[in-house]
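J.: Take this structure, written in structure tokens, and hold onto it; I'll ask about it next.
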Amino acid sequence: MHDDRTLVEARLKRVLEERIRPAVYPESVPLAVSVWTAPGEPVPVAEGLAAPRSPIAVGDAWGAPWSTSWITVSGAVPESWAGRTVEALIDLGFDANMPGFQCEGLVYRPDGTPVKGLNPQNQWVRIAAPAAGGEPVLLHVEAAANPVILDYHPFLPTELGDKETAGDKPQYRLARMDLAVFDETVWQLVLDLEVLGELMAELPADGARRWELLRAVERALDAIDLQDVNGTAAAARSCLVEVLASPAAPSAHRIGAIGHAHIDSAWLWPLRETVRKVARTAANMTALLEDEPDFLYTMSQAQQFAWIKEHRPEVYARVKKAVADGRFVPAGGMWVESDTNMPSSEAMARQFVHGKRFFLAEFGVENEEAWLPDTFGFTGGLPQIIRNAGSKWLLTQKISWSQVNRFPHHTFLWEGIDGTRIFTHFPPVDTYNCSMKGSEIAHAARNFKDKGVARHSLAPTGWGDGGGGTTREMVGKAARLRDLEGSATVRWQRPAEFFAEAEAEYPAPPVWVGELYLELHRATLTSQARTKQGNRRSENLLREAELWCATAALRTGLAYPYERLDRIWKTVLLHQFHDILPGSSIAWVHREAEATYAGLAAELEELIGAAQQALAGDPAGGRELVFNGAPHGRSAVPAGGAAVAVAGPGDCAVAAREGGGFVLDNGLLRVVVDGDGLVVSAVDAASGREAVAPGARANLLQLHPDFPNMWDAWDVDQFYRNTVTDLVGADEVALHAEGPAEVAVRVARSFGSSTVTQTLTLRAGSGRLDIDTEVDWHEAEKFLKLAFPLDVHTERYAAETQFGHQFRPTHTNTSWDAAKFEACNHRFVHLAEPGWGVALVTPSTYGHDVTRAVRPADGGTTTTVRFSLLRAPRFPDPRTDQGRHRFRHALVPGAEIGDAVREGYAVGLPERRVTGSAESVRPLVELDQDSLVVSAVKLADDGSGDLVVRVYESGGGRARGRLTTSFALAAAVPCDLLERPWEGTRGEVVADGDGVRLALRPFELVTLRLTPAG
């Protein structure tokens, strides 16, 4: 019997491949082909249609990297094909094993109407069904010669990732260009046999159902005349009717399928190409929706809808109609599927604000789910943001990629740092590109970890990233799997319907507390430093622009730049996409990002400057005002206000150190720098406590080899720590500044082909040591760290995240602890023993690691914090981060968590000085409780003139305070992130005269809409 089974399976494979699939198109005639190649960037459709053509033939090469060719195919349907279904088969030179990541095309009719996309698994264009015979055929294809970056050997350095280095060698050869008869009966037989064959392979070898299917398939194969497949296909199908009609067991796992094409907004292609990928896929999917009445399709990322609206209005009209019909479902409610580790509190909130607003305005749709299948881990601050945006569910799949620990649930409640819980689902199919293969469906059912209490999962179905989305073959397979014995059941289902059903069937799911850490792609916290710093700078400038423009609007009547701020925010949010901000895109993407960030910075500086000058008054007044955009007061300047500059304290001193180096002292902090430019002591004067571990040296640059097993720009593997070089040799250690206001030491080093210059500065009145590091980086496959060994004994540390901080272990007790060997911080890392702590703050970097070691000399514990500065992966950008970089970090001994929060904001939001006539600028709002932090001050987006203020509790405890306004207050209303009245606030929010009384829970976020009187 074993031999019978093996023989039938082998027979099925060969007959399908060699006889039945080819018979889907039993007759064909060639099409005439001509081409015009655009000389540069893609051209408008009308220009491409009108351009002159030159003959080209099957087998001819075409397509320099990143070029666009307009290919025209023409012919006529043979008279003898009357009454039959006819399709054009257009193969641009596809590799069928790679559904995306290569050439693609969008087909147009002569009048410029888009028809559908062309992709490796989707090469057909319907001409007539049935044909009359003699019809002329004329189609135009906008063909993109996107080069293959991720090949079968995907991690080889390549210059193809930037049009400036890719060269002009043709990438593809035209393959089949035919008109053909489409035999639907044979096509249906292919699907019958594929579904049954794939199901057989997943069933128990000795099970009755497997043998039942085997014998039915054998009968069907016997019924086929291999010399007349088309004439005998119907008879073969009849042999399979009974086994295909046998219903699934009532206990079968239920899969809600949803058509999907995960399209990275940039990755191995530039942003401009994503615009076209999205249009091709949307054209494909709206066409498929018209052909398949049961099919449903979902697309996330409001930015991608906006691109279609702007660049392909004809496709967008079809999308809008399909959305109105309930068939094309906007998902996720975010501007893009962003990274969630690195975006700031406000940026993460604005992803939902702009995404949900777009879907509401364009379609009248309000999403209740966050849709992030491919994002590289999720911070503990995200559940509260989702909830405050008016959503309640989350879908992701990427956590299944974790290398060490298998996540214990597929459906669960995820609890964030503030206690907010979000109903969350990880599709057990373990892919967001499901193709309805039997192996995928069976895996979903076997893999589902919540059996016995739930049996419902989701399967996003379709080829993404240029693969064209769901195919008609996938729809056909899903129809057969709707209720089939031996299989999980499959039905098309909208995400919201799935979540509602899943939540109803599982009323008490398990709870996961804290971040959803991905045990993979940890290096995305460091790769492409310029992109990351451009993001951080943009976030800080946007905070200031909104604050000062709102203040100027209410104080002076200066027009608030609604449209400019909206556009800038959307650009920043786009660049937080999970392959741009993480640094995992091709060189072209990051080159453009650097230029974009520079342009945004200039525009935001202009807005800030104009608003501050309006507030400061006539420059001829001669007063120097200091503006403070941070949420905490400093010197004599209130948070969010300005005051006339006054001379600060002048108590800094510097002395030479015996044996080389210097001693810096300002009465608050005493720092000793040795002859190698390393910090050997940092004493907090208030406590007399030493921050640097005995015998250790801080501000230590360390260099590691960095060649991960896979995913060069994405990954750093733990074995990188096995080899380290301490960069202790100094070319220069010299006094850089010596005065009462500040003292500084300059340190220069060289290593490999690179150089580094550091400036260590202690300022009067400051309890922190500022460290500016400038690196001229010319290494390959190396990892540069900045280490601070601290005399702190603690089992955990705090790292800032959105609207608060999350704790991580300093030990490796469990595999879960050990796997977090590289993690994310925003502005600070804080370590503490009872009564005393140390903060390390930065406006420059995200990646870091924290380790503990016992000192042999005294048995004490050294806890070392290391910031990740630079990497040098060679794929997908072979020159990642080469050149000059500047970083800023600061050591703050004696810091409580509140000090870490304050100094973290201060280093990224420096004071600004403006000359004018005003004596001061009073803040629009003030808080009397330090742990309550203002994250945004802006005018309401609806143009009403209301002021929107976002406040959160930053210390992790309960806090009471009063927000006071400097204007007469008519009303104060708690809102959601979209600035709509909202009753979801857990804490106390009570309007009180010219202010609001607040009582917030740990890390609670509240958005207030304040209406000025009069």
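Ligands are numbered from 1 in the order shown, chains are lettered A, B, ... in the order of the structure tokens, and residues start at 1 in each chain.
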Name the residues in contact with Tyr952 of chain A at a cut-off of 12 Å, using only C-alpha atoms, excluding same-chain residues fewer than 2 positions from it; report them as a PyMOL selection string.
T.: chain A and resi 345-346+381+384-385+418+631+802-805+901+927+929-936+949-950+954-961+963+985+987+998-1008
J.: Write out as a ChimeraX atom specification all residues of segment 649-814 of chain A that DSSP puts in strand (DSSP E) for this structure's backbone.
T.: /A:653-656,661-665,669-674,679-684,689-690,700-705,725-727,732-738,742-751,754-763,769-777,782-790,796-801,804-809
J.: Let's have the selection written as a compact mmCIF listing (two decimals), in the first residue's frame, with C-alpha atoms.
T.:
```txt
# COMPACT_ATOMS: atom_id res chain seq x y z
CA ALA A 653 36.85 74.51 37.24
CA VAL A 654 39.38 72.27 35.58
CA ALA A 655 42.72 70.96 36.81
CA ALA A 656 45.41 68.74 35.38
CA GLY A 661 44.21 63.87 31.87
CA PHE A 662 41.99 66.37 33.64
CA VAL A 663 39.63 66.83 36.58
CA LEU A 664 36.41 68.73 35.80
CA ASP A 665 34.27 70.13 38.62
CA LEU A 669 29.55 66.81 39.53
CA ARG A 670 33.25 65.99 39.67
CA VAL A 671 34.57 64.12 36.63
CA VAL A 672 38.05 62.67 36.19
CA VAL A 673 39.30 62.05 32.64
CA ASP A 674 42.49 59.99 32.38
CA VAL A 679 36.23 58.73 32.37
CA VAL A 680 37.59 57.00 35.45
CA SER A 681 35.43 58.84 37.98
CA ALA A 682 32.12 60.71 38.04
CA VAL A 683 31.11 61.68 41.58
CA ASP A 684 27.67 63.05 42.40
CA ARG A 689 28.49 58.58 45.33
CA GLU A 690 30.78 57.36 42.54
CA LEU A 700 34.95 53.59 26.23
CA LEU A 701 34.54 52.99 22.50
CA GLN A 702 34.48 49.30 21.62
CA LEU A 703 34.69 47.70 18.19
CA HIS A 704 33.25 44.29 17.31
CA PRO A 705 33.21 42.20 14.13
CA THR A 725 38.65 45.66 20.65
CA ASP A 726 38.74 48.44 23.26
CA LEU A 727 39.68 51.69 21.56
CA GLU A 732 45.17 63.65 21.52
CA VAL A 733 43.71 64.47 24.95
CA ALA A 734 43.58 68.24 25.33
CA LEU A 735 41.71 70.97 27.12
CA HIS A 736 39.05 72.30 24.79
CA ALA A 737 37.25 74.91 26.91
CA GLU A 738 38.20 76.50 30.22
CA GLU A 742 31.85 75.39 30.98
CA VAL A 743 34.94 73.24 30.87
CA ALA A 744 35.61 70.65 28.18
CA VAL A 745 38.19 68.09 27.11
CA ARG A 746 38.79 67.08 23.51
CA VAL A 747 39.87 63.51 22.71
CA ALA A 748 40.98 62.26 19.29
CA ARG A 749 41.44 58.62 18.30
CA SER A 750 42.04 56.64 15.16
CA PHE A 751 41.37 53.00 14.36
CA SER A 754 38.36 55.63 10.74
CA THR A 755 38.82 58.49 13.19
CA VAL A 756 36.80 59.73 16.14
CA THR A 757 36.80 62.98 18.03
CA GLN A 758 35.00 63.40 21.33
CA THR A 759 34.28 66.48 23.39
CA LEU A 760 33.50 65.92 27.09
CA THR A 761 31.78 68.99 28.53
CA LEU A 762 30.71 69.96 32.05
CA ARG A 763 28.56 73.08 32.27
CA LEU A 769 28.49 65.25 31.64
CA ASP A 770 27.82 65.85 27.94
CA ILE A 771 29.72 63.71 25.45
CA ASP A 772 29.74 64.71 21.79
CA THR A 773 31.21 62.06 19.49
CA GLU A 774 32.10 62.71 15.87
CA VAL A 775 33.12 59.67 13.83
CA ASP A 776 34.53 59.57 10.35
CA TRP A 777 33.51 55.97 9.69
CA LYS A 782 32.05 46.24 12.17
CA PHE A 783 29.92 47.34 15.14
CA LEU A 784 30.89 50.39 17.22
CA LYS A 785 29.68 50.70 20.82
CA LEU A 786 30.09 53.36 23.52
CA ALA A 787 30.39 51.78 26.99
CA PHE A 788 29.68 53.06 30.50
CA PRO A 789 30.58 50.58 33.29
CA LEU A 790 28.59 51.73 36.33
CA ARG A 796 16.51 45.63 35.98
CA TYR A 797 16.77 48.95 34.22
CA ALA A 798 14.34 51.39 32.64
CA ALA A 799 14.41 52.45 28.99
CA GLU A 800 12.13 55.19 27.71
CA THR A 801 9.42 54.26 25.25
CA GLY A 804 6.63 56.20 29.65
CA HIS A 805 9.35 53.63 30.13
CA GLN A 806 9.62 49.87 30.22
CA PHE A 807 11.82 47.69 32.39
CA ARG A 808 14.17 45.03 31.13
CA PRO A 809 16.39 42.63 33.06
```
J.: Kindly give the distance, in Å, that separates atom CA of Ala302 of chain A and atom CA of Phe359 of chain A, rounded to a single decimal.
T.: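 Atom CA of Phe359 of chain A lies 6.9 Å from atom CA of Ala302 of chain A.
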J.: Find the residue from A:Leu870, A:Ala38, A:Ala331, A:Val125 that sits nearest to Ser527 of chain A; use only C-alpha atoms when measuring.
T.: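 Closest residue, counting only C-alpha atoms: A:Leu870.
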J.: Quick one: residues within 6 Å of segment 437-449 of chain A, only C-alpha atoms counted, chain neighbours fewer than 5 positions away excluded, as a ChimeraX atom specification?
T.: /A:198-199,253,409-410,428-429
J.: Using only C-alpha atoms, which of A:Leu831, A:Leu840, A:Val925, A:Ala857 sits nearest Thr794 of chain A?
T.: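 That would be A:Leu831, the residue with the smallest distance to Thr794 of chain A.
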J.: Find the spatial neighbours of Glu539 of chain A, counting only C-alpha atoms, within a cut-off of 9 Å - ignore same-chain residues fewer than 5 positions away - and output them as a PDB file with N, CA and C atoms, in the first residue's frame.
T.:
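After the write, selection_39.pdb holds the following:
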```pdb
ATOM      1  N   PRO A 343       9.800  55.275  16.815  1.00  0.00           N
ATOM      2  CA  PRO A 343       9.048  56.528  16.754  1.00  0.00           C
ATOM      3  C   PRO A 343       8.731  57.070  18.144  1.00  0.00           C
ATOM      4  N   SER A 344       8.753  58.397  18.265  1.00  0.00           N
ATOM      5  CA  SER A 344       8.482  59.047  19.540  1.00  0.00           C
ATOM      6  C   SER A 344       7.020  58.863  19.934  1.00  0.00           C
ATOM      7  N   GLU A 346       4.662  61.121  20.302  1.00  0.00           N
ATOM      8  CA  GLU A 346       3.775  61.865  19.425  1.00  0.00           C
ATOM      9  C   GLU A 346       3.730  61.274  18.028  1.00  0.00           C
ATOM     10  N   ALA A 347       4.864  60.840  17.500  1.00  0.00           N
ATOM     11  CA  ALA A 347       4.869  60.277  16.159  1.00  0.00           C
ATOM     12  C   ALA A 347       4.020  59.011  16.105  1.00  0.00           C
ATOM     13  N   GLY A 534      17.841  61.809  11.359  1.00  0.00           N
ATOM     14  CA  GLY A 534      16.901  62.671  10.656  1.00  0.00           C
ATOM     15  C   GLY A 534      15.510  62.549  11.231  1.00  0.00           C
ATOM     16  N   GLU A 544       8.502  71.551  18.541  1.00  0.00           N
ATOM     17  CA  GLU A 544       8.721  72.984  18.726  1.00  0.00           C
ATOM     18  C   GLU A 544       7.875  73.808  17.768  1.00  0.00           C
ATOM     19  N   TRP A 569       4.227  66.386   8.808  1.00  0.00           N
ATOM     20  CA  TRP A 569       3.975  65.208   9.646  1.00  0.00           C
ATOM     21  C   TRP A 569       3.844  63.954   8.779  1.00  0.00           C
ATOM     22  N   VAL A 572       7.213  62.740   7.617  1.00  0.00           N
ATOM     23  CA  VAL A 572       7.959  62.100   8.702  1.00  0.00           C
ATOM     24  C   VAL A 572       7.379  60.727   9.006  1.00  0.00           C
TER      25      VAL A 572
END
```
J.: Rounded to one decimal in Å, what is the spacing between atom CA of Arg591 of chain A and atom CA of Leu268 of chain A?
T.: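 Atom CA of Leu268 of chain A lies 13.3 Å from atom CA of Arg591 of chain A.
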J.: In terms of the shortest atom-to-atom distance over only C-alpha atoms, which of A:Pro561, A:Pro638, A:Gly259, A:Pro974 is closest to Gly468 of chain A?
T.: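 That would be A:Gly259, the residue with the smallest distance to Gly468 of chain A.
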J.: Do you know which residues are at most 8 Å from Thr471 of chain A counting only C-alpha atoms, after dropping those on the same chain fewer than 5 positions away, and could you put them as a PyMOL selection string?
T.: chain A and resi 121-122+288+462
J.: Neighbours of Glu592 of chain A within 12 Å (only C-alpha atoms; same-chain residues fewer than 6 positions away dropped), as a VMD selection string?
T.: chain A and resid 162 to 164 266 269 to 272 530 to 531 534 575 580 585 to 586 598 to 599
J.: Restrict the selected residues to N, CA and C atoms and save them as a PDB file, in the first residue's frame.
T.:
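Result file selection.pdb:
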```pdb
ATOM      1  N   ASP A 162      20.806  51.397  -6.176  1.00  0.00           N
ATOM      2  CA  ASP A 162      20.694  52.833  -6.398  1.00  0.00           C
ATOM      3  C   ASP A 162      20.854  53.079  -7.886  1.00  0.00           C
ATOM      4  N   LYS A 163      19.958  53.837  -8.470  1.00  0.00           N
ATOM      5  CA  LYS A 163      20.046  54.092  -9.910  1.00  0.00           C
ATOM      6  C   LYS A 163      21.352  54.778 -10.279  1.00  0.00           C
ATOM      7  N   GLU A 164      21.996  55.445  -9.318  1.00  0.00           N
ATOM      8  CA  GLU A 164      23.250  56.132  -9.607  1.00  0.00           C
ATOM      9  C   GLU A 164      24.429  55.176  -9.758  1.00  0.00           C
ATOM     10  N   ALA A 266       8.690  51.189   1.176  1.00  0.00           N
ATOM     11  CA  ALA A 266      10.007  51.230   0.520  1.00  0.00           C
ATOM     12  C   ALA A 266      10.779  50.069   1.124  1.00  0.00           C
ATOM     13  N   TRP A 269      13.315  48.753  -3.170  1.00  0.00           N
ATOM     14  CA  TRP A 269      12.917  49.668  -4.232  1.00  0.00           C
ATOM     15  C   TRP A 269      12.684  51.031  -3.586  1.00  0.00           C
ATOM     16  N   PRO A 270      12.741  52.106  -4.378  1.00  0.00           N
ATOM     17  CA  PRO A 270      12.545  53.436  -3.820  1.00  0.00           C
ATOM     18  C   PRO A 270      11.066  53.761  -3.633  1.00  0.00           C
ATOM     19  N   LEU A 271      10.800  54.869  -2.968  1.00  0.00           N
ATOM     20  CA  LEU A 271       9.420  55.294  -2.739  1.00  0.00           C
ATOM     21  C   LEU A 271       8.655  55.452  -4.051  1.00  0.00           C
ATOM     22  N   ARG A 272       9.303  56.002  -5.062  1.00  0.00           N
ATOM     23  CA  ARG A 272       8.582  56.246  -6.318  1.00  0.00           C
ATOM     24  C   ARG A 272       8.099  54.949  -6.935  1.00  0.00           C
ATOM     25  N   ARG A 530      22.123  58.042   9.801  1.00  0.00           N
ATOM     26  CA  ARG A 530      21.631  59.330   9.302  1.00  0.00           C
ATOM     27  C   ARG A 530      20.111  59.343   9.208  1.00  0.00           C
ATOM     28  N   THR A 531      19.540  58.240   8.770  1.00  0.00           N
ATOM     29  CA  THR A 531      18.084  58.150   8.708  1.00  0.00           C
ATOM     30  C   THR A 531      17.490  58.270  10.098  1.00  0.00           C
ATOM     31  N   GLY A 534      17.841  61.809  11.359  1.00  0.00           N
ATOM     32  CA  GLY A 534      16.901  62.671  10.656  1.00  0.00           C
ATOM     33  C   GLY A 534      15.510  62.549  11.231  1.00  0.00           C
ATOM     34  N   HIS A 575       8.416  58.093   6.530  1.00  0.00           N
ATOM     35  CA  HIS A 575       9.798  57.625   6.700  1.00  0.00           C
ATOM     36  C   HIS A 575       9.988  56.797   7.975  1.00  0.00           C
ATOM     37  N   ILE A 580      12.298  51.697   6.413  1.00  0.00           N
ATOM     38  CA  ILE A 580      13.045  52.941   6.205  1.00  0.00           C
ATOM     39  C   ILE A 580      13.724  53.353   7.496  1.00  0.00           C
ATOM     40  N   SER A 585      16.623  49.334   4.039  1.00  0.00           N
ATOM     41  CA  SER A 585      16.300  49.542   2.632  1.00  0.00           C
ATOM     42  C   SER A 585      17.569  49.743   1.807  1.00  0.00           C
ATOM     43  N   ILE A 586      17.370  49.804   0.493  1.00  0.00           N
ATOM     44  CA  ILE A 586      18.489  50.004  -0.416  1.00  0.00           C
ATOM     45  C   ILE A 586      19.056  51.416  -0.282  1.00  0.00           C
ATOM     46  N   ALA A 598      16.712  66.843   5.535  1.00  0.00           N
ATOM     47  CA  ALA A 598      17.364  68.156   5.504  1.00  0.00           C
ATOM     48  C   ALA A 598      16.373  69.227   5.074  1.00  0.00           C
ATOM     49  N   GLY A 599      15.550  68.919   4.072  1.00  0.00           N
ATOM     50  CA  GLY A 599      14.543  69.880   3.635  1.00  0.00           C
ATOM     51  C   GLY A 599      13.498  70.147   4.688  1.00  0.00           C
TER      52      GLY A 599
END
```
J.: What's the 10 Å shell around Ala500 of chain A, counting only C-alpha atoms, without same-chain residues fewer than 5 positions away, as a VMD selection string?
T.: chain A and resid 393 495 505
J.: Looking at only C-alpha atoms, which of A:Pro52, A:Trp463, A:Glu497, A:Asn535 is the one that sits closest to Ala595 of chain A?
T.: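 Looking at the shortest contact to Ala595 of chain A, the residue is A:Asn535.
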